[in-house]
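All remarks here apply to the structure that follows.
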Amino acid sequence: MIGCDCDVCRSPDPRDQRLRSSIYIETPECSWVVDTGTDFRTQALRENIRRVDAVVFTHSHTDHIMGFDDLRRFSHARGSMPVYASAETMRDLERVFQFAFNTNNPVPYGDSIVNGYLFSRADQKLVAYLSDCSAVPDAIVDLITGVKVLIIDALRDRPHPTHLSVGQALEAAARVKPEATYFTHICHDLPQSAESRLPADTHIAYDGLKLRL
């Protein structure tokens with residue numbers, strides 16, 4: 001956090017030094033990124049990402065889209081870049097990044113609807129990604145129950161109007177029953193050391209974390 005001297009912002013643990021939430025998925029057939037936050041360029045350079053075949057957006061808040069322009073490096077290599085988003089998010093992207101779309105040149109999130117994503121292979125549910133949410137409706141739980149990995153919003157311990165708290169995220173995970181849970185979209189009120197008080201199969205995600213499935 002800019003201008004903050006709290007224990008997390010001054011922590012010597014490199015896992016407490018967090019950039020904006022995003023994930024990169026690579027399979028033998030293709031690779032894609034979910035959200036392009038303000039830090040997308042820094043993250044792509046840090047992880048030496050050489051290929052992105054598509055981009056998928058959860059919603060259009062600035063901390064999830066403002067690295068969009070840095071997709072051009074990957075788009076040039078492909079000749080084009082498929083973009084997937086809800087109709088509302090796509091309208092915002094086309095407005096903010098008109099130059100990219102102009103050929104001449106959901107889970108609740110407060111009052112907004114944010115797309116969550118389930119990545120599967122055949123009949124196997126691999127990863128459910130719910131990065132920004134204030135609730136997980138029963139219909140969503142039914143879709144993702146038994147997933148191998150649940151990546152879910154857990155901003156901090158205290159309640160927040162548009163994000164899940166740690167307690168709420170734990171309750172959601174108990175309903176979904178994943179093999180492992182990773183908290184994401186964490187603010188500086190929640191240190192990495194808090195993982196020690198979480199259930200054994202629940203973790204606090206950190207920048208550069210890699211999962212192989």
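Chain labels follow the order of the structure tokens: the first chain is A, the next B, and so on; residue numbering restarts at 1 in every chain, and ligands are counted from 1 in their shown order.
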Segment 112-188 of chain A near segment 71-95 of chain A within 12 Å: what's each residue's closest atom pair and its distance in Å to one decimal, counting only C-alpha atoms, ordered by chain then ascending residue number, as a tab-separated table?
residue	atom	partner	partner_atom	distance
A:Ser112	CA	A:Glu88	CA	10.0
A:Ile113	CA	A:Glu88	CA	9.1
A:Val114	CA	A:Ser86	CA	8.4
A:Asn115	CA	A:Ser86	CA	7.2
A:Gly116	CA	A:Ala85	CA	10.5
A:Tyr117	CA	A:Ala85	CA	10.7
Taking only C-alpha atoms into account, produce a table as a Markdown table in which each residue of segment 125-176 of chain A with an atom at most 10 Å from an atom of segment 18-41 of chain A appears once, together with its shortest atom pair and the distance in Å to one decimal, ordered by chain and rising number.
| residue | atom | partner | partner_atom | distance |
| --- | --- | --- | --- | --- |
| A:Tyr129 | CA | A:Ile23 | CA | 8.8 |
| A:Ser131 | CA | A:Ser21 | CA | 7.4 |
| A:Asp132 | CA | A:Ser21 | CA | 9.4 |
| A:Ile151 | CA | A:Ile23 | CA | 9.9 |
| A:Asp153 | CA | A:Ser21 | CA | 9.7 |
Next, the residues of the selection above should be written as an mmCIF file, in the first residue's frame with N, CA and C atoms.
data_model
loop_
_atom_site.group_PDB
_atom_site.id
_atom_site.type_symbol
_atom_site.label_atom_id
_atom_site.label_comp_id
_atom_site.auth_asym_id
_atom_site.auth_seq_id
_atom_site.Cartn_x
_atom_site.Cartn_y
_atom_site.Cartn_z
ATOM 1 N N TYR A 129 -11.930 -20.266 -10.152
ATOM 2 C CA TYR A 129 -11.287 -18.978 -9.886
ATOM 3 C C TYR A 129 -12.361 -17.931 -9.616
ATOM 4 N N SER A 131 -12.142 -14.429 -8.064
ATOM 5 C CA SER A 131 -11.185 -13.457 -7.535
ATOM 6 C C SER A 131 -11.830 -12.283 -6.815
ATOM 7 N N ASP A 132 -12.995 -11.842 -7.245
ATOM 8 C CA ASP A 132 -13.680 -10.711 -6.611
ATOM 9 C C ASP A 132 -15.123 -11.110 -6.365
ATOM 10 N N ILE A 151 -9.652 -21.135 -5.931
ATOM 11 C CA ILE A 151 -8.940 -19.870 -5.706
ATOM 12 C C ILE A 151 -10.015 -18.820 -5.474
ATOM 13 N N ASP A 153 -11.533 -15.110 -3.390
ATOM 14 C CA ASP A 153 -11.365 -13.820 -2.737
ATOM 15 C C ASP A 153 -11.407 -13.973 -1.212
#
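Every protein, DNA or RNA residue with an atom at most 10 Å from segment 159-163 of chain A, where only C-alpha atoms count and chain neighbours fewer than 6 positions away do not, is listed here: Pro108, Tyr109, Gly110, Asp111, Ser112, Ser131, Asp132, Cys133, Ser134, Ala135, Asp153, Ala169, His185 and Ile186 of chain A.
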Selection: 8 Å around Thr145 of chain A, only C-alpha atoms, excl. self and same-chain fewer than 2 positions, as a list of chain:residue names
A:Val141, A:Asp142, A:Leu143, A:Val147, A:Arg175, A:Val176, A:Lys177, A:Pro178
